[in-house]
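Listing of entry10.cif, mmCIF, C-alpha atoms
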data_coords
loop_
_atom_site.label_atom_id
_atom_site.label_comp_id
_atom_site.auth_asym_id
_atom_site.auth_seq_id
_atom_site.Cartn_x
_atom_site.Cartn_y
_atom_site.Cartn_z
CA ASP C 1 47.49 -59.70 88.63
CA ALA C 2 44.90 -59.18 91.35
CA GLY C 3 47.37 -57.54 93.70
CA VAL C 4 47.97 -58.57 97.29
CA ILE C 5 44.96 -60.44 98.61
CA GLN C 6 44.01 -60.48 102.27
CA SER C 7 41.28 -62.36 104.05
CA PRO C 8 39.08 -61.83 105.85
CA ARG C 9 38.51 -58.11 105.28
CA HIS C 10 36.78 -57.77 108.62
CA GLU C 11 36.98 -59.95 111.69
CA VAL C 12 35.13 -59.54 114.95
CA THR C 13 35.99 -61.93 117.73
CA GLU C 14 35.88 -62.22 121.48
CA MET C 15 38.79 -61.93 123.83
CA GLY C 16 40.63 -65.21 124.21
CA GLN C 17 39.74 -66.56 120.79
CA GLU C 18 42.30 -67.52 118.17
CA VAL C 19 42.44 -65.28 115.10
CA THR C 20 44.10 -66.16 111.81
CA LEU C 21 44.72 -63.56 109.12
CA ARG C 22 45.69 -64.64 105.63
CA CYS C 23 47.68 -63.10 102.83
CA LYS C 24 48.43 -64.02 99.25
CA PRO C 25 51.31 -61.95 97.85
CA ILE C 26 51.73 -60.93 94.25
CA SER C 27 53.15 -63.78 92.23
CA GLY C 28 56.92 -63.52 91.84
CA HIS C 29 57.44 -61.25 94.82
CA ASP C 30 60.18 -62.54 97.10
CA TYR C 31 59.41 -60.37 100.13
CA LEU C 32 56.31 -60.38 102.30
CA PHE C 33 55.59 -57.96 105.13
CA TRP C 34 52.98 -57.85 107.89
CA TYR C 35 52.06 -54.44 109.35
CA ARG C 36 49.63 -53.33 112.03
CA GLN C 37 47.99 -49.90 112.12
CA THR C 38 46.30 -48.21 115.06
CA MET C 39 45.46 -44.60 115.77
CA MET C 40 47.84 -44.50 118.70
CA ARG C 41 50.87 -46.22 117.19
CA GLY C 42 50.47 -45.64 113.46
CA LEU C 43 51.83 -48.19 110.99
CA GLU C 44 54.12 -50.73 112.62
CA LEU C 45 56.11 -53.45 110.89
CA LEU C 46 55.51 -56.75 112.66
CA ILE C 47 57.55 -59.23 110.63
CA TYR C 48 58.87 -59.78 107.14
CA PHE C 49 59.90 -62.77 105.06
CA ASN C 50 62.32 -63.23 102.20
CA ASN C 51 61.88 -66.36 100.09
CA ASN C 52 59.52 -67.74 102.74
CA VAL C 53 62.08 -67.35 105.54
CA PRO C 54 61.40 -64.91 108.41
CA ILE C 55 64.09 -62.24 108.34
CA ASP C 56 63.06 -59.82 111.06
CA ASP C 57 60.36 -60.47 113.64
CA SER C 58 61.47 -57.80 116.09
CA GLY C 59 58.17 -56.00 115.68
CA MET C 60 56.04 -58.91 116.81
CA PRO C 61 54.52 -57.65 120.05
CA GLU C 62 54.63 -60.83 122.10
CA ASP C 63 54.41 -64.60 122.02
CA ARG C 64 50.70 -64.47 121.34
CA PHE C 65 51.56 -63.44 117.78
CA SER C 66 53.02 -65.85 115.25
CA ALA C 67 53.47 -65.72 111.49
CA LYS C 68 54.21 -68.38 108.93
CA MET C 69 54.89 -68.55 105.23
CA PRO C 70 54.63 -72.20 104.17
CA ASN C 71 55.08 -71.38 100.49
CA ALA C 72 55.67 -68.45 98.17
CA SER C 73 51.98 -67.77 97.67
CA PHE C 74 50.58 -67.83 101.19
CA SER C 75 51.22 -66.40 104.64
CA THR C 76 49.31 -66.34 107.91
CA LEU C 77 49.41 -64.15 110.97
CA LYS C 78 47.93 -65.80 114.03
CA ILE C 79 46.98 -64.28 117.36
CA GLN C 80 46.30 -66.71 120.19
CA PRO C 81 44.76 -65.75 122.53
CA SER C 82 43.45 -62.46 121.21
CA GLU C 83 43.00 -59.40 123.43
CA PRO C 84 41.07 -56.14 122.93
CA ARG C 85 44.34 -54.22 122.48
CA ASP C 86 45.01 -56.29 119.36
CA SER C 87 42.17 -54.45 117.62
CA ALA C 88 43.73 -52.79 114.58
CA VAL C 89 43.98 -52.93 110.81
CA TYR C 90 46.52 -55.51 109.68
CA PHE C 91 48.16 -54.99 106.30
CA CYS C 92 50.15 -57.42 104.22
CA ALA C 93 52.57 -56.15 101.56
CA SER C 94 54.89 -57.76 99.04
CA TYR C 95 57.64 -56.74 96.66
CA THR C 96 60.41 -58.14 94.50
CA GLY C 97 63.33 -56.48 96.26
CA GLY C 98 65.86 -53.97 95.02
CA HIS C 99 65.64 -50.22 95.04
CA TYR C 100 63.81 -50.05 91.72
CA ASN C 101 60.84 -51.82 93.14
CA GLU C 102 57.98 -50.72 95.33
CA GLN C 103 56.00 -52.45 98.03
CA PHE C 104 52.43 -53.28 97.14
CA PHE C 105 49.98 -53.31 100.01
CA GLY C 106 46.83 -55.34 100.40
CA PRO C 107 43.50 -53.82 101.42
CA GLY C 108 43.97 -54.81 105.05
CA THR C 109 42.02 -56.82 107.61
CA ARG C 110 40.15 -54.82 110.22
CA LEU C 111 40.25 -56.83 113.45
CA THR C 112 38.00 -56.06 116.39
CA VAL C 113 38.48 -58.00 119.59
CA LEU C 114 35.63 -57.53 122.05
CA ASP D 1 62.49 -45.22 114.71
CA ALA D 2 61.68 -43.27 111.58
CA LYS D 3 64.62 -41.27 110.25
CA THR D 4 62.49 -38.48 108.84
CA THR D 5 60.64 -35.42 110.11
CA GLN D 6 57.48 -34.16 108.44
CA PRO D 7 54.89 -31.54 109.37
CA PRO D 8 51.81 -33.23 110.85
CA SER D 9 49.37 -31.56 108.48
CA MET D 10 49.09 -29.25 105.49
CA ASP D 11 46.36 -27.66 103.43
CA CYS D 12 46.40 -27.03 99.70
CA ALA D 13 43.81 -25.54 97.38
CA GLU D 14 42.48 -27.77 94.66
CA GLY D 15 44.29 -27.23 91.38
CA ARG D 16 47.37 -25.77 93.03
CA ALA D 17 50.70 -27.50 93.55
CA ALA D 18 51.09 -29.28 96.87
CA ASN D 19 54.63 -29.15 98.22
CA LEU D 20 55.30 -31.59 101.04
CA PRO D 21 58.62 -31.18 102.88
CA CYS D 22 60.67 -33.86 104.58
CA ASN D 23 63.83 -33.60 106.67
CA HIS D 24 66.25 -36.52 106.76
CA SER D 25 69.45 -34.99 108.09
CA THR D 26 70.98 -38.33 109.13
CA ILE D 27 70.56 -40.02 105.75
CA SER D 28 73.52 -42.14 104.72
CA GLY D 29 75.09 -42.12 101.28
CA ASN D 30 73.39 -45.22 99.96
CA GLU D 31 69.95 -44.71 101.45
CA TYR D 32 67.07 -43.82 99.19
CA VAL D 33 64.19 -41.44 99.85
CA TYR D 34 60.78 -43.01 99.25
CA TRP D 35 57.33 -41.49 99.38
CA TYR D 36 54.13 -43.40 100.01
CA ARG D 37 50.63 -42.18 100.67
CA GLN D 38 47.65 -43.68 102.42
CA ILE D 39 44.16 -42.71 101.44
CA HIS D 40 41.60 -43.29 104.17
CA SER D 41 40.92 -46.96 104.90
CA GLN D 42 43.25 -48.18 102.18
CA GLY D 43 46.73 -49.69 102.24
CA PRO D 44 49.69 -47.38 101.60
CA GLN D 45 50.50 -46.68 97.95
CA TYR D 46 53.94 -46.06 96.50
CA ILE D 47 54.44 -42.65 94.88
CA ILE D 48 58.07 -42.11 93.98
CA HIS D 49 61.64 -42.58 95.17
CA GLY D 50 65.11 -41.19 94.52
CA LEU D 51 68.74 -41.24 95.61
CA LYS D 52 70.39 -38.00 94.55
CA ASN D 53 68.75 -36.67 91.43
CA ASN D 54 65.34 -35.15 91.15
CA GLU D 55 62.74 -37.59 89.92
CA THR D 56 59.40 -37.24 88.17
CA ASN D 57 56.68 -39.69 87.28
CA GLU D 58 53.02 -39.51 86.37
CA MET D 59 52.00 -38.92 89.97
CA ALA D 60 54.55 -36.49 91.39
CA SER D 61 57.99 -34.94 91.39
CA LEU D 62 60.67 -35.47 94.02
CA ILE D 63 63.19 -32.74 94.69
CA ILE D 64 66.21 -33.74 96.80
CA THR D 65 68.59 -31.08 98.07
CA GLU D 66 72.22 -31.30 97.07
CA ASP D 67 73.30 -32.30 100.59
CA ARG D 68 70.44 -34.85 100.64
CA LYS D 69 69.34 -33.73 104.08
CA SER D 70 65.88 -32.80 102.93
CA SER D 71 63.45 -33.36 100.10
CA THR D 72 60.12 -32.11 98.78
CA LEU D 73 57.35 -34.08 97.18
CA ILE D 74 55.40 -32.04 94.65
CA LEU D 75 51.90 -32.88 93.46
CA PRO D 76 51.65 -30.48 90.53
CA HIS D 77 47.88 -30.07 90.33
CA ALA D 78 46.28 -31.31 93.51
CA THR D 79 42.77 -32.78 93.37
CA LEU D 80 40.39 -33.81 96.13
CA ARG D 81 41.49 -37.41 95.55
CA ASP D 82 44.97 -36.46 96.73
CA THR D 83 43.68 -36.00 100.27
CA ALA D 84 45.72 -38.57 102.21
CA VAL D 85 48.54 -39.11 104.69
CA TYR D 86 51.90 -38.83 102.95
CA TYR D 87 54.89 -40.72 104.33
CA CYS D 88 58.51 -39.85 103.63
CA ILE D 89 60.80 -42.83 104.25
CA VAL D 90 64.55 -43.28 104.14
CA ARG D 91 65.87 -46.78 103.63
CA LEU D 92 68.41 -49.03 102.02
CA PRO D 93 67.33 -51.20 99.11
CA ASP D 94 65.96 -54.53 100.34
CA ASP D 95 65.57 -53.08 103.81
CA LYS D 96 62.36 -52.83 105.77
CA ILE D 97 60.18 -49.72 105.64
CA ILE D 98 59.74 -47.85 108.91
CA PHE D 99 56.75 -45.54 108.69
CA GLY D 100 56.69 -42.34 110.70
CA LYS D 101 53.59 -40.27 111.40
CA GLY D 102 53.53 -38.67 107.96
CA THR D 103 51.82 -35.48 106.81
CA ARG D 104 48.06 -35.34 106.57
CA LEU D 105 47.33 -33.38 103.41
CA HIS D 106 43.93 -31.73 103.06
CA ILE D 107 42.95 -30.57 99.60
CA LEU D 108 40.47 -27.73 99.88
CA PRO D 109 37.80 -27.27 97.20
#

Take the structure in the file and write it out as structure tokens.
Amino acid sequence: DAGVIQSPRHEVTEMGQEVTLRCKPISGHDYLFWYRQTMMRGLELLIYFNNNVPIDDSGMPEDRFSAKMPNASFSTLKIQPSEPRDSAVYFCASYTGGHYNEQFFGPGTRLTVL
Amino acid sequence: DAKTTQPPSMDCAEGRAANLPCNHSTISGNEYVYWYRQIHSQGPQYIIHGLKNNETNEMASLIITEDRKSSTLILPHATLRDTAVYYCIVRLPDDKIIFGKGTRLHILP
């Protein structure tokens, strides 16, 4: 398996533009997580899904952020409109659930909003 | 909020054992202790986890005190590639991971 796949790896956009980040989890994994990492705030959990259903979105900063998981093999995180303070590395992770199993993280998307 | 306390940074000489402490005094009986690490610019990587007993795998050993209020991650023979931020996490199975600030481990040549 190729692991968790994220695209794009780098995104540079201007304030006010819509940004869409994409994630393909590992096949067979029931859980998908979106994290954001900045120097100031560290790694923050934004939202996670179980069997394509959002379970906890309490970490989503505000209404400008939305996440979807239309099927078991694809998820998106959208920011509209984007702001400079959204600049961060966004990680997607997946796992099968249960305490025997580990979360696998993707390589991340580095977002810069000018 | 993270339920663990870790030193912000540590140094270890290459080839020596790196012992990374973690305090989790409020851990509940069915919560597990997990360790992840993050090498610069990469996503976090799972290392090891345990409930009560000490655990060992090809990467590290995990020593959990009898009262479960603290634990130590041991990298037996540290190499330069072990330079990373190490996160100690306490959680229930199927629960979300809350990352704290972790310990930045520097391996010195």

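Evaluating the PyMOL selection byres ((chain D) within 8 of (chain C)) against the shown model yields Tyr32, Gln42, Gly43, Pro44, Gln45, Tyr46, Leu92, Pro93, Asp94, Lys96, Ile97, Ile98, Phe99, Gly100 and Lys101 of chain D.
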
Practice problem: Can you work out the spacing between atom CA of D:Asn19 and atom CA of D:His77 in Å, to one decimal? | Solution: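 Answer for the atom CA of D:Asn19 to atom CA of D:His77 separation: 10.4 Å.
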
Quiz prompt | d(atom CA of C:Leu114, atom CA of D:Val85) in Å | solution =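 For atom CA of C:Leu114 relative to atom CA of D:Val85, the distance reads 28.4 Å.
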
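Across the model, the gap from atom CA of C:Ser75 to atom CA of C:Val53 is 10.9 Å.
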
Exercise. Return the single residue from C:Met60, C:Ile5, C:Leu21, C:Ile26 that is closest to C:Leu77, with distances computed using only C-alpha atoms.
Key: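 Answer, going by the shortest atom-to-atom distance: C:Leu21.
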
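The smallest atom-to-atom distance between D:Thr26 and any of D:Ala84, D:Met59, D:Val90, D:Ile48, using only C-alpha atoms, is found for D:Val90.
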
Quiz item: Pick from C:Thr112, C:Gln17, C:Ser94, C:Gln80: nearest to C:Arg64, with all atoms listed in the file counted?
Solution: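 Looking only at the distances to C:Arg64, the closest residue turns out to be C:Gln80.
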
Exercise. Give me the result of the PyMOL selection byres ((chain C and resi 15) around 6) on this file, residue by residue, as a PyMOL selection string.
Key: chain C and resi 14+16-17+82-83+113-114

Quiz item: Do you know which residues are at most 9 Å from D:His106 counting all atoms listed in the file, after dropping those on the same chain fewer than 2 positions away, and could you put them as a VMD selection string?
Solution: chain D and resid 9 to 13 80 82 to 85 104 108

Self-check item: Output of the PyMOL selection byres ((chain D and resi 23) around 6), listed as a list of chain:residue names
Solution: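 Output of the PyMOL selection byres ((chain D and resi 23) around 6): D:Thr4, D:Thr5, D:Cys22, D:His24, D:Ser25, D:Ser70.
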
Quiz item: Of the candidates C:Leu46, C:Val12, C:Phe74, C:Arg22, which one gets nearest to C:Pro61 if we count only C-alpha atoms?
Solution: C:Leu46

Practice problem: Please provide as an NGL selection string all residues within 7 Å of stretch 14-17 of chain D, with the sequence filter that same-chain residues fewer than 4 positions apart are discarded (counting all atoms listed in the file). | Solution: :D and (74-80 or 107-109)

Can you patch up stretch 85-96 of chain C, filling it in to all heavy atoms, and show the result as a tab-separated table (two decimals), keeping the file's coordinate frame?
chain	number	residue	atom	x	y	z
C	85	ARG	N	43.30	-55.14	122.98
C	85	ARG	CA	44.34	-54.22	122.48
C	85	ARG	C	44.93	-54.67	121.15
C	85	ARG	O	45.73	-53.92	120.56
C	85	ARG	CB	45.46	-54.08	123.51
C	85	ARG	CG	46.16	-55.38	123.88
C	85	ARG	CD	47.07	-55.16	125.09
C	85	ARG	NE	47.55	-56.42	125.64
C	85	ARG	CZ	48.83	-56.70	125.78
C	85	ARG	NH1	49.76	-55.84	125.42
C	85	ARG	NH2	49.21	-57.86	126.30
C	86	ASP	N	44.57	-55.84	120.68
C	86	ASP	CA	45.01	-56.29	119.36
C	86	ASP	C	44.13	-55.72	118.25
C	86	ASP	O	44.43	-55.90	117.06
C	86	ASP	CB	44.99	-57.81	119.27
C	86	ASP	CG	45.85	-58.47	120.32
C	86	ASP	OD1	46.87	-57.86	120.72
C	86	ASP	OD2	45.51	-59.59	120.77
C	87	SER	N	43.06	-55.05	118.62
C	87	SER	CA	42.17	-54.45	117.62
C	87	SER	C	42.95	-53.44	116.80
C	87	SER	O	43.58	-52.52	117.34
C	87	SER	CB	40.99	-53.78	118.30
C	87	SER	OG	40.20	-54.72	119.00
C	88	ALA	N	42.93	-53.62	115.48
C	88	ALA	CA	43.73	-52.79	114.58
C	88	ALA	C	43.40	-53.20	113.15
C	88	ALA	O	42.64	-54.13	112.91
C	88	ALA	CB	45.23	-53.00	114.83
C	89	VAL	N	44.01	-52.49	112.21
C	89	VAL	CA	43.98	-52.93	110.81
C	89	VAL	C	45.33	-53.57	110.52
C	89	VAL	O	46.38	-52.97	110.79
C	89	VAL	CB	43.72	-51.77	109.84
C	89	VAL	CG1	43.70	-52.29	108.39
C	89	VAL	CG2	42.40	-51.08	110.17
C	90	TYR	N	45.30	-54.77	109.99
C	90	TYR	CA	46.52	-55.51	109.68
C	90	TYR	C	46.70	-55.53	108.17
C	90	TYR	O	45.83	-55.98	107.43
C	90	TYR	CB	46.44	-56.92	110.25
C	90	TYR	CG	46.50	-56.95	111.75
C	90	TYR	CD1	45.36	-56.69	112.51
C	90	TYR	CD2	47.69	-57.19	112.43
C	90	TYR	CE1	45.39	-56.68	113.90
C	90	TYR	CE2	47.74	-57.19	113.82
C	90	TYR	CZ	46.59	-56.93	114.54
C	90	TYR	OH	46.65	-56.91	115.91
C	91	PHE	N	47.86	-55.04	107.73
C	91	PHE	CA	48.16	-54.99	106.30
C	91	PHE	C	49.26	-56.00	105.96
C	91	PHE	O	50.21	-56.19	106.73
C	91	PHE	CB	48.65	-53.60	105.89
C	91	PHE	CG	47.60	-52.54	105.90
C	91	PHE	CD1	47.55	-51.61	106.93
C	91	PHE	CD2	46.68	-52.45	104.87
C	91	PHE	CE1	46.58	-50.61	106.95
C	91	PHE	CE2	45.71	-51.46	104.88
C	91	PHE	CZ	45.66	-50.55	105.92
C	92	CYS	N	49.13	-56.58	104.80
C	92	CYS	CA	50.15	-57.42	104.22
C	92	CYS	C	50.68	-56.69	102.98
C	92	CYS	O	49.91	-56.02	102.28
C	92	CYS	CB	49.54	-58.76	103.84
C	92	CYS	SG	50.66	-59.90	103.02
C	93	ALA	N	51.97	-56.79	102.74
C	93	ALA	CA	52.57	-56.15	101.56
C	93	ALA	C	53.61	-57.10	100.97
C	93	ALA	O	54.17	-57.95	101.67
C	93	ALA	CB	53.22	-54.82	101.93
C	94	SER	N	53.86	-56.95	99.68
C	94	SER	CA	54.89	-57.76	99.04
C	94	SER	C	55.66	-56.93	98.03
C	94	SER	O	55.18	-55.90	97.55
C	94	SER	CB	54.27	-59.00	98.38
C	94	SER	OG	53.54	-58.66	97.22
C	95	TYR	N	56.88	-57.37	97.73
C	95	TYR	CA	57.64	-56.74	96.66
C	95	TYR	C	58.77	-57.64	96.23
C	95	TYR	O	59.07	-58.67	96.87
C	95	TYR	CB	58.08	-55.33	97.07
C	95	TYR	CG	59.46	-55.11	97.62
C	95	TYR	CD1	60.29	-54.17	96.99
C	95	TYR	CD2	59.93	-55.73	98.76
C	95	TYR	CE1	61.54	-53.89	97.50
C	95	TYR	CE2	61.19	-55.46	99.26
C	95	TYR	CZ	62.00	-54.52	98.63
C	95	TYR	OH	63.24	-54.24	99.12
C	96	THR	N	59.41	-57.26	95.10
C	96	THR	CA	60.41	-58.14	94.50
C	96	THR	C	61.81	-57.89	95.03
C	96	THR	O	62.72	-58.63	94.74
C	96	THR	CB	60.43	-57.95	92.98
C	96	THR	OG1	60.70	-56.58	92.67
C	96	THR	CG2	59.11	-58.34	92.36
